[in-house]
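This is entry_37.cif (mmCIF, C-alpha atoms).
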data_final
#
loop_
_atom_site.label_atom_id
_atom_site.label_comp_id
_atom_site.auth_asym_id
_atom_site.auth_seq_id
_atom_site.Cartn_x
_atom_site.Cartn_y
_atom_site.Cartn_z
CA MET T 187 -0.26 -11.27 -17.03
CA HIS T 188 2.81 -12.57 -18.83
CA VAL T 189 4.81 -13.23 -15.69
CA ASN T 190 6.90 -16.11 -17.01
CA MET T 191 8.20 -14.44 -20.17
CA THR T 192 11.61 -12.78 -20.04
CA HIS T 193 11.92 -11.38 -23.58
CA TYR T 194 9.45 -10.29 -26.23
CA THR T 195 10.27 -9.50 -29.84
CA ILE T 196 7.78 -7.04 -31.35
CA THR T 197 7.31 -6.73 -35.10
CA LYS T 198 5.02 -4.15 -36.70
CA PRO T 199 1.75 -5.06 -38.48
CA LYS T 200 1.38 -4.84 -42.26
CA GLN T 201 -1.14 -2.10 -41.69
CA LEU T 202 -2.01 -0.25 -38.49
CA ARG T 203 -5.77 0.23 -38.36
CA THR T 204 -7.26 -0.77 -35.02
CA ILE T 205 -9.68 0.03 -32.21
CA VAL T 206 -8.29 -0.10 -28.66
CA LYS T 207 -10.19 -0.21 -25.39
CA LEU T 208 -7.74 1.62 -23.17
CA PRO T 209 -7.33 0.73 -19.50
CA ALA T 210 -9.06 2.89 -16.93
CA SER T 211 -7.08 5.78 -15.51
CA LYS T 212 -4.72 4.56 -12.80
CA SER T 213 -4.42 8.06 -11.38
CA ILE T 214 -8.16 8.56 -10.96
CA SER T 215 -8.74 4.95 -9.80
CA ASN T 216 -6.21 5.25 -6.99
CA ARG T 217 -7.61 8.57 -5.80
CA ALA T 218 -11.21 7.40 -6.02
CA LEU T 219 -10.41 4.26 -4.01
CA ILE T 220 -8.88 6.19 -1.11
CA ILE T 221 -11.81 8.61 -1.09
CA TYR T 222 -14.23 5.66 -1.37
CA ALA T 223 -12.67 4.20 1.78
CA LEU T 224 -12.78 7.54 3.59
CA SER T 225 -16.45 8.02 2.69
CA ASP T 226 -17.50 4.61 4.05
CA CYS T 227 -19.08 3.92 0.68
CA CYS T 228 -20.20 0.33 0.10
CA ILE T 229 -20.09 0.51 -3.72
CA LEU T 230 -16.69 0.40 -5.44
CA PRO T 231 -16.12 2.94 -8.22
CA ASP T 232 -17.02 1.57 -11.65
CA ASN T 233 -14.45 0.85 -14.40
CA LEU T 234 -11.55 0.66 -11.95
CA SER T 235 -8.10 0.11 -13.41
CA GLU T 236 -6.95 -3.53 -13.40
CA CYS T 237 -3.29 -2.57 -13.05
CA ASP T 238 -1.00 -3.74 -10.27
CA ASP T 239 -0.93 -0.33 -8.53
CA THR T 240 -4.70 -0.24 -8.16
CA GLU T 241 -5.00 -3.92 -7.21
CA VAL T 242 -2.68 -3.48 -4.22
CA ILE T 243 -4.81 -0.61 -2.90
CA ILE T 244 -8.00 -2.66 -3.36
CA ARG T 245 -6.48 -5.61 -1.45
CA ALA T 246 -5.16 -3.40 1.33
CA LEU T 247 -8.49 -1.64 1.85
CA ARG T 248 -10.46 -4.90 1.61
CA ASP T 249 -8.30 -7.20 3.74
CA LYS T 250 -6.67 -4.65 6.08
CA PRO T 251 -3.75 -6.99 6.87
CA GLN T 252 -1.41 -6.05 9.69
CA THR T 253 1.47 -6.01 7.18
CA ILE T 254 0.62 -4.31 3.89
CA ASP T 255 3.02 -5.10 1.04
CA ILE T 256 2.39 -2.67 -1.80
CA GLY T 257 5.17 -4.07 -4.01
CA ALA T 258 6.48 -1.44 -6.43
CA ALA T 259 3.41 0.82 -6.30
CA GLY T 260 4.68 4.26 -5.36
CA THR T 261 1.24 5.86 -5.49
CA ALA T 262 -0.11 3.19 -3.15
CA MET T 263 2.74 3.76 -0.69
CA ARG T 264 2.11 7.51 -0.47
CA PHE T 265 -1.70 7.37 -0.47
CA MET T 266 -1.97 4.43 1.95
CA THR T 267 0.53 6.01 4.37
CA ALA T 268 -1.74 9.04 4.82
CA TYR T 269 -4.88 6.90 4.91
CA LEU T 270 -3.48 4.55 7.58
CA ALA T 271 -2.33 7.49 9.71
CA ALA T 272 -5.64 9.36 9.67
CA ALA T 273 -8.44 6.88 9.08
CA SER T 274 -7.41 3.33 9.93
CA LYS T 275 -7.83 1.50 13.21
CA GLY T 276 -4.98 -0.25 14.96
CA GLU T 277 -1.37 -0.56 13.90
CA HIS T 278 -0.02 -1.51 10.45
CA LEU T 279 3.34 -2.07 8.83
CA ILE T 280 3.53 -0.89 5.21
CA THR T 281 6.40 -2.12 3.05
CA GLY T 282 7.30 -2.92 -0.55
CA THR T 283 10.00 -4.05 -2.96
CA ASP T 284 13.70 -3.41 -2.44
CA ARG T 285 13.42 -0.44 -4.83
CA MET T 286 10.48 0.90 -2.79
CA LYS T 287 12.65 0.77 0.33
CA HIS T 288 14.99 3.21 -1.42
CA ARG T 289 12.30 5.64 -2.60
CA PRO T 290 12.12 8.65 -0.25
CA ILE T 291 9.03 9.28 1.87
CA LYS T 292 10.43 11.57 4.59
CA VAL T 293 8.63 14.68 3.30
CA LEU T 294 5.24 12.99 3.68
CA VAL T 295 6.05 11.36 7.03
CA ASP T 296 7.29 14.67 8.46
CA ALA T 297 4.12 16.43 7.27
CA LEU T 298 1.86 13.78 8.77
CA ARG T 299 3.78 13.85 12.05
CA ARG T 300 3.22 17.62 12.23
CA LEU T 301 -0.50 16.84 11.98
CA GLY T 302 -0.13 14.45 14.91
CA ALA T 303 0.35 11.11 13.12
CA ALA T 304 2.09 8.20 14.87
CA ILE T 305 4.59 6.90 12.28
CA SER T 306 7.98 5.28 12.82
CA TYR T 307 10.63 3.97 10.42
CA GLU T 308 11.31 0.24 10.55
CA GLY T 309 14.42 0.44 8.40
CA GLU T 310 16.50 3.32 7.05
CA GLU T 311 15.43 6.77 8.23
CA GLY T 312 13.42 8.56 5.54
CA PHE T 313 12.41 5.41 3.64
CA PRO T 314 9.86 2.58 3.90
CA PRO T 315 8.97 0.30 5.60
CA LEU T 316 6.82 2.32 8.02
CA ARG T 317 4.94 1.39 11.17
CA ILE T 318 1.75 3.43 11.46
CA ARG T 319 -0.76 3.64 14.30
CA GLY T 320 -4.04 5.04 13.07
CA GLN T 321 -5.62 7.82 15.12
CA ARG T 322 -7.79 10.89 14.75
CA LEU T 323 -5.75 13.90 13.61
CA LYS T 324 -6.43 17.55 14.39
CA GLY T 325 -5.32 19.04 11.09
CA GLY T 326 -4.88 22.79 10.63
CA LYS T 327 -2.23 24.73 8.71
CA LEU T 328 0.71 22.90 7.15
CA GLU T 329 3.61 24.02 4.97
CA ILE T 330 5.32 21.73 2.47
CA ALA T 331 7.73 22.27 -0.44
CA GLY T 332 5.92 22.65 -3.76
CA ASP T 333 8.65 20.94 -5.78
CA VAL T 334 8.24 17.51 -4.16
CA SER T 335 6.27 14.64 -5.69
CA SER T 336 2.64 15.67 -6.15
CA GLN T 337 1.70 12.31 -4.62
CA TYR T 338 2.80 13.58 -1.20
CA ILE T 339 0.57 16.62 -1.62
CA SER T 340 -2.35 14.56 -2.94
CA ALA T 341 -2.05 12.09 -0.05
CA LEU T 342 -2.35 14.94 2.46
CA LEU T 343 -5.21 16.63 0.62
CA MET T 344 -7.34 13.49 0.46
CA ILE T 345 -7.35 13.04 4.24
CA GLY T 346 -8.13 16.75 4.74
CA PRO T 347 -11.94 16.36 5.06
CA MET T 348 -11.40 13.80 7.86
CA LEU T 349 -9.25 16.09 10.02
CA ASP T 350 -10.93 17.86 12.95
CA ASN T 351 -9.88 21.30 11.72
CA GLY T 352 -9.62 20.50 8.03
CA LEU T 353 -6.36 21.32 6.25
CA THR T 354 -4.77 24.48 4.94
CA LEU T 355 -1.82 23.43 2.80
CA CYS T 356 0.77 26.08 1.88
CA LEU T 357 3.14 25.06 -0.93
CA ASN T 358 6.52 26.78 -0.78
CA GLY T 359 8.61 27.58 -3.85
CA ASP T 360 8.02 26.19 -7.33
CA ILE T 361 4.99 23.91 -7.65
CA ILE T 362 5.53 20.93 -9.95
CA SER T 363 2.98 18.48 -11.38
CA ARG T 364 0.16 20.95 -10.66
CA PRO T 365 -2.31 19.04 -12.91
CA TYR T 366 -2.01 16.01 -10.60
CA ILE T 367 -2.88 18.21 -7.63
CA ASP T 368 -5.83 19.62 -9.57
CA LEU T 369 -6.91 16.07 -10.46
CA THR T 370 -6.93 15.21 -6.75
CA LEU T 371 -8.99 18.28 -5.86
CA TRP T 372 -11.43 17.57 -8.69
CA THR T 373 -11.90 13.94 -7.59
CA MET T 374 -12.39 15.05 -3.98
CA ARG T 375 -15.08 17.51 -5.03
CA GLU T 376 -16.80 14.75 -6.99
CA PHE T 377 -17.37 13.12 -3.60
CA GLY T 378 -18.65 16.31 -1.96
CA ALA T 379 -15.44 17.70 -0.45
CA LEU T 380 -14.94 21.44 -0.05
CA ALA T 381 -11.41 21.80 -1.36
CA GLU T 382 -9.96 24.58 -3.48
CA TRP T 383 -7.01 26.83 -4.19
CA THR T 384 -7.41 30.02 -2.14
CA SER T 385 -4.29 31.62 -3.61
CA VAL T 386 -1.57 30.70 -6.08
CA ASP T 387 0.23 28.60 -3.44
CA THR T 388 -2.41 27.69 -0.83
CA ILE T 389 -5.12 25.03 -0.80
CA GLU T 390 -7.89 24.91 1.78
CA VAL T 391 -9.81 21.72 2.61
CA LYS T 392 -12.79 22.06 4.92
CA ALA T 393 -13.60 19.54 7.65
CA LYS T 394 -16.62 18.20 5.80
CA PRO T 395 -17.01 14.42 5.36
CA TYR T 396 -17.06 12.86 1.90
CA GLN T 397 -20.41 11.77 0.49
CA ALA T 398 -20.78 8.19 -0.75
CA ARG T 399 -21.85 7.98 -4.41
CA ASN T 400 -21.66 5.88 -7.54
CA TYR T 401 -18.62 6.86 -9.57
CA TYR T 402 -17.31 6.00 -13.06
CA ILE T 403 -13.57 6.13 -13.89
CA GLU T 404 -12.61 7.47 -17.33
CA ASN T 405 -9.90 5.75 -19.39
CA ASP T 406 -6.21 6.55 -19.27
CA TRP T 407 -4.55 9.29 -21.31
CA SER T 408 -1.10 8.02 -20.23
CA ALA T 409 -1.86 4.67 -21.89
CA ALA T 410 -3.06 6.54 -24.98
CA SER T 411 0.38 8.11 -25.38
CA TYR T 412 1.94 4.86 -26.63
CA TRP T 413 -0.64 4.59 -29.42
CA TYR T 414 0.07 8.20 -30.35
CA GLU T 415 3.72 7.20 -30.53
CA MET T 416 2.92 4.32 -32.90
CA VAL T 417 0.96 6.63 -35.20
CA ALA T 418 3.78 9.20 -35.17
CA LEU T 419 6.35 6.51 -36.06
CA SER T 420 4.20 4.88 -38.74
CA GLU T 421 5.25 5.29 -42.36
CA GLU T 422 1.70 4.63 -43.61
CA ARG T 423 -0.29 7.58 -44.89
CA ASP T 424 -3.64 6.01 -43.95
CA VAL T 425 -2.70 4.76 -40.46
CA GLU T 426 -5.66 5.00 -38.08
CA VAL T 427 -5.95 4.15 -34.37
CA ARG T 428 -9.23 4.57 -32.54
CA LEU T 429 -9.10 4.80 -28.75
CA GLN T 430 -12.17 4.15 -26.62
CA GLY T 431 -13.21 5.89 -23.43
CA LEU T 432 -11.22 9.15 -23.48
CA MET T 433 -12.71 12.47 -22.46
CA ASP T 434 -12.31 15.90 -24.02
CA GLY T 435 -11.48 18.38 -21.26
CA SER T 436 -10.11 15.59 -19.05
CA LYS T 437 -8.56 16.56 -15.73
CA GLN T 438 -5.75 14.06 -16.33
CA GLY T 439 -2.48 15.92 -16.73
CA ASP T 440 -1.31 13.52 -19.44
CA SER T 441 -4.21 14.55 -21.69
CA SER T 442 -1.69 17.18 -22.86
CA VAL T 443 -0.29 14.35 -25.01
CA ARG T 444 -2.76 15.28 -27.76
CA TYR T 445 -1.31 18.78 -28.03
CA ILE T 446 2.34 17.75 -27.91
CA PHE T 447 1.87 15.02 -30.52
CA SER T 448 0.12 17.50 -32.82
CA LEU T 449 3.62 19.01 -33.13
CA LEU T 450 4.92 15.60 -34.26
CA GLY T 451 2.37 14.94 -36.98
CA VAL T 452 -0.55 13.26 -35.17
CA LYS T 453 -4.08 14.58 -35.53
CA THR T 454 -6.69 13.92 -32.79
CA VAL T 455 -10.41 13.77 -33.60
CA PHE T 456 -13.08 13.37 -30.88
CA GLU T 457 -16.28 11.60 -31.91
CA THR T 458 -18.23 13.78 -29.47
CA LYS T 459 -17.17 16.65 -27.22
CA THR T 460 -19.90 16.42 -24.60
CA PRO T 461 -18.32 17.56 -21.31
CA GLY T 462 -17.76 14.74 -18.84
CA THR T 463 -18.62 12.01 -21.34
CA PRO T 464 -16.04 9.41 -22.46
CA THR T 465 -15.96 9.00 -26.23
CA MET T 466 -14.00 7.53 -29.15
CA VAL T 467 -10.85 9.34 -30.21
CA THR T 468 -9.35 8.77 -33.66
CA LEU T 469 -5.63 9.28 -34.33
CA ARG T 470 -4.35 9.94 -37.84
CA ARG T 471 -1.14 11.19 -39.34
CA ASN T 472 -0.62 14.52 -41.00
CA SER T 473 2.46 15.64 -42.86
CA HIS T 474 3.46 18.49 -40.54
CA ARG T 475 5.89 18.20 -37.67
CA VAL T 476 8.35 20.53 -36.00
CA LYS T 477 12.05 20.35 -36.81
CA ARG T 478 12.95 20.63 -33.12
CA LEU T 479 10.96 20.16 -29.92
CA ASP T 480 11.56 22.10 -26.70
CA TYR T 481 9.12 21.30 -23.91
CA ASP T 482 8.76 21.62 -20.15
CA PHE T 483 7.38 18.36 -18.71
CA VAL T 484 7.02 19.70 -15.16
CA ASN T 485 3.25 19.10 -15.32
CA SER T 486 3.37 15.73 -17.10
CA PRO T 487 6.65 13.94 -16.28
CA ASP T 488 5.22 10.48 -17.07
CA LEU T 489 5.14 11.45 -20.76
CA ALA T 490 8.86 12.17 -20.93
CA GLN T 491 9.98 8.67 -21.92
CA THR T 492 7.42 8.52 -24.71
CA PHE T 493 8.66 11.75 -26.25
CA VAL T 494 12.37 11.03 -25.80
CA VAL T 495 11.97 7.78 -27.76
CA THR T 496 9.63 9.29 -30.36
CA CYS T 497 11.77 12.32 -31.11
CA CYS T 498 14.95 10.26 -31.48
CA ALA T 499 13.21 7.80 -33.81
CA LEU T 500 11.82 10.66 -35.91
CA GLY T 501 15.16 12.50 -35.99
CA VAL T 502 13.72 15.51 -34.15
CA PRO T 503 16.30 17.15 -31.82
CA PHE T 504 14.91 18.14 -28.44
CA HIS T 505 15.49 19.82 -25.11
CA PHE T 506 13.17 18.66 -22.34
CA THR T 507 13.01 20.28 -18.90
CA GLY T 508 10.98 19.71 -15.74
CA LEU T 509 12.21 16.13 -15.32
CA GLN T 510 13.40 16.32 -11.70
CA THR T 511 10.97 13.69 -10.42
CA LEU T 512 12.17 11.09 -12.96
CA LYS T 513 15.12 10.12 -10.77
CA ILE T 514 12.86 8.85 -7.94
CA LYS T 515 10.37 6.87 -10.01
CA GLU T 516 10.31 3.06 -10.40
CA THR T 517 13.88 3.53 -11.56
CA ASP T 518 16.13 6.50 -12.24
CA ARG T 519 14.43 7.18 -15.55
CA ILE T 520 16.98 9.74 -16.71
CA ASN T 521 19.86 7.26 -16.45
CA ALA T 522 17.71 4.43 -17.83
CA LEU T 523 16.82 6.50 -20.90
CA LYS T 524 20.43 7.50 -21.49
CA THR T 525 21.59 3.88 -21.23
CA GLU T 526 18.95 2.35 -23.49
CA MET T 527 18.99 5.11 -26.13
CA LYS T 528 22.79 4.80 -26.27
CA LYS T 529 22.32 1.15 -27.31
CA LEU T 530 20.35 2.43 -30.30
CA GLY T 531 22.97 5.02 -31.23
CA TYR T 532 21.45 8.10 -29.58
CA THR T 533 23.59 9.99 -27.06
CA LEU T 534 21.43 11.98 -24.65
CA GLU T 535 22.80 14.77 -22.47
CA ASP T 536 21.39 15.42 -19.01
CA HIS T 537 21.67 18.64 -17.05
CA ASN T 538 21.07 19.31 -13.34
CA GLY T 539 19.15 16.05 -12.92
CA SER T 540 16.11 17.72 -14.47
CA GLU T 541 16.81 18.11 -18.21
CA LEU T 542 17.49 15.88 -21.20
CA SER T 543 18.56 16.93 -24.68
CA TRP T 544 19.57 15.35 -27.98
CA ASP T 545 21.39 17.14 -30.81
CA GLY T 546 19.99 15.06 -33.68
CA ARG T 547 23.08 12.93 -34.33
CA ARG T 548 23.02 9.14 -34.28
CA ASP T 549 25.97 6.75 -34.13
CA GLU T 550 26.21 3.77 -36.46
CA ILE T 551 24.83 0.56 -34.95
CA ALA T 552 26.16 -2.76 -36.25
CA ASP T 553 23.06 -4.91 -35.70
CA THR T 554 19.88 -3.40 -34.28
CA ALA T 555 18.21 -6.82 -34.31
CA ALA T 556 20.62 -7.98 -31.60
CA ILE T 557 19.73 -5.12 -29.25
CA ALA T 558 17.44 -5.79 -26.31
CA ILE T 559 15.92 -2.98 -24.27
CA ASP T 560 16.16 -3.37 -20.49
CA THR T 561 13.15 -2.13 -18.54
CA TYR T 562 14.53 -1.76 -14.97
CA ASP T 563 11.26 -2.91 -13.34
CA ASP T 564 9.69 0.20 -14.91
CA HIS T 565 6.48 -0.22 -16.89
CA ARG T 566 6.98 3.01 -18.82
CA MET T 567 10.32 1.83 -20.20
CA ALA T 568 8.64 -1.19 -21.81
CA LEU T 569 5.61 0.80 -22.96
CA SER T 570 7.56 3.67 -24.52
CA PHE T 571 10.19 1.54 -26.31
CA ALA T 572 7.83 -1.09 -27.76
CA PRO T 573 6.42 1.31 -30.42
CA LEU T 574 9.91 1.43 -31.99
CA ALA T 575 8.74 -1.76 -33.69
CA MET T 576 7.05 0.59 -36.19
CA HIS T 577 10.57 1.18 -37.61
CA SER T 578 12.20 -2.22 -37.02
CA PRO T 579 11.69 -5.23 -34.75
CA ILE T 580 12.52 -4.50 -31.11
CA VAL T 581 13.30 -6.81 -28.20
CA ILE T 582 11.91 -5.89 -24.77
CA ASN T 583 13.33 -7.53 -21.65
CA GLN T 584 11.04 -8.26 -18.68
CA PRO T 585 7.85 -7.37 -20.62
CA SER T 586 5.58 -8.31 -17.70
CA VAL T 587 6.36 -4.94 -16.05
CA VAL T 588 3.51 -3.40 -18.07
CA THR T 589 1.02 -4.90 -15.59
CA LYS T 590 1.83 -1.96 -13.30
CA SER T 591 -0.34 0.35 -15.43
CA TYR T 592 -1.46 -1.36 -18.69
CA PRO T 593 -1.92 -5.13 -18.10
CA LEU T 594 -3.37 -5.90 -21.55
CA PHE T 595 -0.83 -3.92 -23.59
CA TRP T 596 0.74 -6.91 -25.33
CA ASP T 597 -2.71 -8.38 -26.04
CA ASP T 598 -3.78 -5.05 -27.55
CA LEU T 599 -0.67 -5.02 -29.75
CA ARG T 600 -1.45 -8.52 -31.02
CA ALA T 601 -5.06 -7.52 -31.72
CA ALA T 602 -3.71 -4.60 -33.74
CA GLY T 603 -1.66 -6.98 -35.92
CA PHE T 604 1.72 -6.76 -34.23
CA GLU T 605 3.69 -9.96 -33.88
CA VAL T 606 4.64 -10.36 -30.21
CA THR T 607 6.71 -13.47 -29.59
CA GLU T 608 8.88 -14.85 -26.84
CA LYS T 609 12.48 -14.55 -27.95
#
For this file, write the structure as structure tokens.
Amino acid sequence: MHVNMTHYTITKPKQLRTIVKLPASKSISNRALIIYALSDCCILPDNLSECDDTEVIIRALRDKPQTIDIGAAGTAMRFMTAYLAAASKGEHLITGTDRMKHRPIKVLVDALRRLGAAISYEGEEGFPPLRIRGQRLKGGKLEIAGDVSSQYISALLMIGPMLDNGLTLCLNGDIISRPYIDLTLWTMREFGALAEWTSVDTIEVKAKPYQARNYYIENDWSAASYWYEMVALSEERDVEVRLQGLMDGSKQGDSSVRYIFSLLGVKTVFETKTPGTPTMVTLRRNSHRVKRLDYDFVNSPDLAQTFVVTCCALGVPFHFTGLQTLKIKETDRINALKTEMKKLGYTLEDHNGSELSWDGRRDEIADTAAIAIDTYDDHRMALSFAPLAMHSPIVINQPSVVTKSYPLFWDDLRAAGFEVTEK
């Protein structure tokens, strides 16, 4: 970790030709860990992510402290809340950073209470910290809005096999981030759960315990997106980035990055396409890209920052929808993007708290070298803005935030020939 550094200046390499061992998938790691704990397995999943979010879950499950501080890890807060309510023994207090204490959790708490959970708020109603007394829950039929964070839904699904009557989860209205729900169901089935969609809006989880097993975590398509961005922004014709450990046909929602970046001039080549087998993926440039990009990110909101920055830097106007969950992430990502892109001369328009657009115009900037990008305690702000170094040097404030999902990012940049220096 680079915890003591406050600013990094990133300068592009003379030539971008590199091999990158991507971090393990944070999304799969966090799900597999909760299921591992619920299955009473004695062997940790292999190739676990080393990011902050996963580390806090590992510590909480290993040490079982009376007070569990999950820091800024939203996934850990949601998943551990359900786990503590349904599978833990005794009473625990779960808390986090000041930002975490302002991230809503009422939808999940209300749902768990309807299942019989003993949860109380220790601060502001509807927000952490929470006091949870673990006890056996009956389960049964439960209704929840489909347009809430998929992490609430995933948290409920994963405890489903442990409930006396299983869980029938009915999702009302529009269902967002469906690939993350599917990823949860897939990971559950990998451990022997009987869990499936029974209709377009209903999921049934049988009361059948998980089965302990050895399990390998594939690498992270979200982390791959920043290398795609570098290739898209490169002015070299023979740029080549090789990414280790990705899987064709991955259940990760952000694997859609390969298709979206094909519209922005990046070609993806898999070394092998054996189902379920991680392989090497090679990224190269081609000369074709769209003149405008319209895309609905409802199923992959974590990619939004990457594509906002990329499209502006390439001069590709855009209209992005499905961004409603961005306002309750590590920061309000819609406002953060508007603020930081404005520094660079790009005026973004937001609509209804769920859309961002750019008309292709850029204001004159006196001195781009003097501009520093603020990251707002949000790893994806640092990760998505750093590739702008492919056009000109960029300063990133609070660069240590990347440890939340991609701890070795700056080391990987240096290995690829980038100059990364403390300002």
Item to check | Residue with smallest distance to Val588 of chain T - pool T:Ile345, T:Ala379, T:Ala568, T:Ala223, counting all atoms listed in the file | outcome: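 Of all the options, T:Ala568 lies closest to Val588 of chain T.
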Next on the checklist: So the first atom is atom CA of Leu512 of chain T and the second is atom CA of Ser211 of chain T; what is the distance between them in Å, to one decimal place?
Outcome noted: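 Atom CA of Leu512 of chain T sits 20.1 Å away from atom CA of Ser211 of chain T.
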Selected by the PyMOL selection byres ((chain T and resi 352) around 12) in the shown coordinates: which residues, as a JSON list (two decimals) with C-alpha atoms, keeping the file's coordinate frame?
[["chain", "number", "residue", "atom", "x", "y", "z"],
["T", 272, "ALA", "CA", -5.64, 9.36, 9.67],
["T", 301, "LEU", "CA", -0.50, 16.84, 11.98],
["T", 322, "ARG", "CA", -7.79, 10.89, 14.75],
["T", 323, "LEU", "CA", -5.75, 13.90, 13.61],
["T", 324, "LYS", "CA", -6.43, 17.55, 14.39],
["T", 325, "GLY", "CA", -5.32, 19.04, 11.09],
["T", 326, "GLY", "CA", -4.88, 22.79, 10.63],
["T", 327, "LYS", "CA", -2.23, 24.73, 8.71],
["T", 328, "LEU", "CA", 0.71, 22.90, 7.15],
["T", 342, "LEU", "CA", -2.35, 14.94, 2.46],
["T", 343, "LEU", "CA", -5.21, 16.63, 0.62],
["T", 344, "MET", "CA", -7.34, 13.49, 0.46],
["T", 345, "ILE", "CA", -7.35, 13.04, 4.24],
["T", 346, "GLY", "CA", -8.13, 16.75, 4.74],
["T", 347, "PRO", "CA", -11.94, 16.36, 5.06],
["T", 348, "MET", "CA", -11.40, 13.80, 7.86],
["T", 349, "LEU", "CA", -9.25, 16.09, 10.02],
["T", 350, "ASP", "CA", -10.93, 17.86, 12.95],
["T", 351, "ASN", "CA", -9.88, 21.30, 11.72],
["T", 353, "LEU", "CA", -6.36, 21.32, 6.25],
["T", 354, "THR", "CA", -4.77, 24.48, 4.94],
["T", 355, "LEU", "CA", -1.82, 23.43, 2.80],
["T", 379, "ALA", "CA", -15.44, 17.70, -0.45],
["T", 380, "LEU", "CA", -14.94, 21.44, -0.05],
["T", 381, "ALA", "CA", -11.41, 21.80, -1.36],
["T", 389, "ILE", "CA", -5.12, 25.03, -0.80],
["T", 390, "GLU", "CA", -7.89, 24.91, 1.78],
["T", 391, "VAL", "CA", -9.81, 21.72, 2.61],
["T", 392, "LYS", "CA", -12.79, 22.06, 4.92],
["T", 393, "ALA", "CA", -13.60, 19.54, 7.65],
["T", 394, "LYS", "CA", -16.62, 18.20, 5.80],
["T", 395, "PRO", "CA", -17.01, 14.42, 5.36]]
Item to check | Local residues around (17.5, 6.5, -7.6), at most 12 Å away, using all atoms listed in the file, as number ranges by chain | outcome: T: 284-290, 510-522, 539, 562
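Against the coordinates shown, the PyMOL selection byres ((chain T and resi 426) around 8) returns Leu202, Arg203, Thr204, Val417, Asp424, Val425, Val427, Arg428, Thr468, Leu469, Arg470 and Arg471 of chain T.
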Next on the checklist: On this structure, the PyMOL selection byres ((chain T and resi 446) around 12) would catch which residues? List them as a PyMOL selection string, sorted by chain and number.
Outcome noted: chain T and resi 411+414-415+418+440-445+447-454+475-476+479-483+486+489-490+492-493+496-497
Next on the checklist: To one decimal place in Å, what is the distance between atom CA of Thr465 of chain T and atom CA of Asp434 of chain T?
Outcome noted: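 Separation between atom CA of Thr465 of chain T and atom CA of Asp434 of chain T: 8.1 Å.
The space separating atom CA of Pro487 of chain T from atom CA of Leu509 of chain T comes to 6.1 Å.
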Counting all atoms listed in the file, which residues of segment 203-308 of chain T fall within 12 Å of segment 570-587 of chain T, and what is the closest atom pair for each with its distance in Å at one decimal, ordered by chain and rising number, as JSON lines?
{"residue": "T:Cys237", "atom": "CA", "partner": "T:Val587", "partner_atom": "CA", "distance": 10.4}
{"residue": "T:Asp238", "atom": "CA", "partner": "T:Val587", "partner_atom": "CA", "distance": 9.4}
{"residue": "T:Asp239", "atom": "CA", "partner": "T:Val587", "partner_atom": "CA", "distance": 11.4}
{"residue": "T:Ala258", "atom": "CA", "partner": "T:Val587", "partner_atom": "CA", "distance": 10.2}
{"residue": "T:Ala259", "atom": "CA", "partner": "T:Val587", "partner_atom": "CA", "distance": 11.7}
Dump of C-alpha atoms for the selected residues, as a CSV table (one decimal), in the frame of the given file:
chain,number,residue,atom,x,y,z
T,237,CYS,CA,-3.3,-2.6,-13.0
T,238,ASP,CA,-1.0,-3.7,-10.3
T,239,ASP,CA,-0.9,-0.3,-8.5
T,258,ALA,CA,6.5,-1.4,-6.4
T,259,ALA,CA,3.4,0.8,-6.3
Checklist entry - So which residues touch Arg217 of chain T within 9 Å, counting all atoms listed in the file, skipping near sequence neighbours fewer than 5 positions away, as JSON, numbers by chain? => result {"T": [212, 222, 265, 340, 341, 344, 369, 370, 373, 374]}
Next on the checklist: I'd like the neighbourhood of Asp598 of chain T as an MDAnalysis selection string, where a residue qualifies if any of its atoms comes within 12 Å (using all atoms listed in the file), though same-chain residues fewer than 6 positions away should be ignored.
Outcome noted: chainID T and resid 204:209 409:410 412:413 427 429 569 592 604:606
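Take the candidates T:Ala303, T:Ile196, T:Ile318, T:Leu542 and check each one against Lys609 of chain T using all atoms listed in the file; the shortest distance goes to T:Ile196.
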Checklist entry - Which polymer residues have any atom within 12 Å of an atom of Ile551 of chain T, counting all atoms listed in the file, with same-chain residues fewer than 3 positions away left out, as number ranges by chain? => result T: 527-532, 548, 554-557
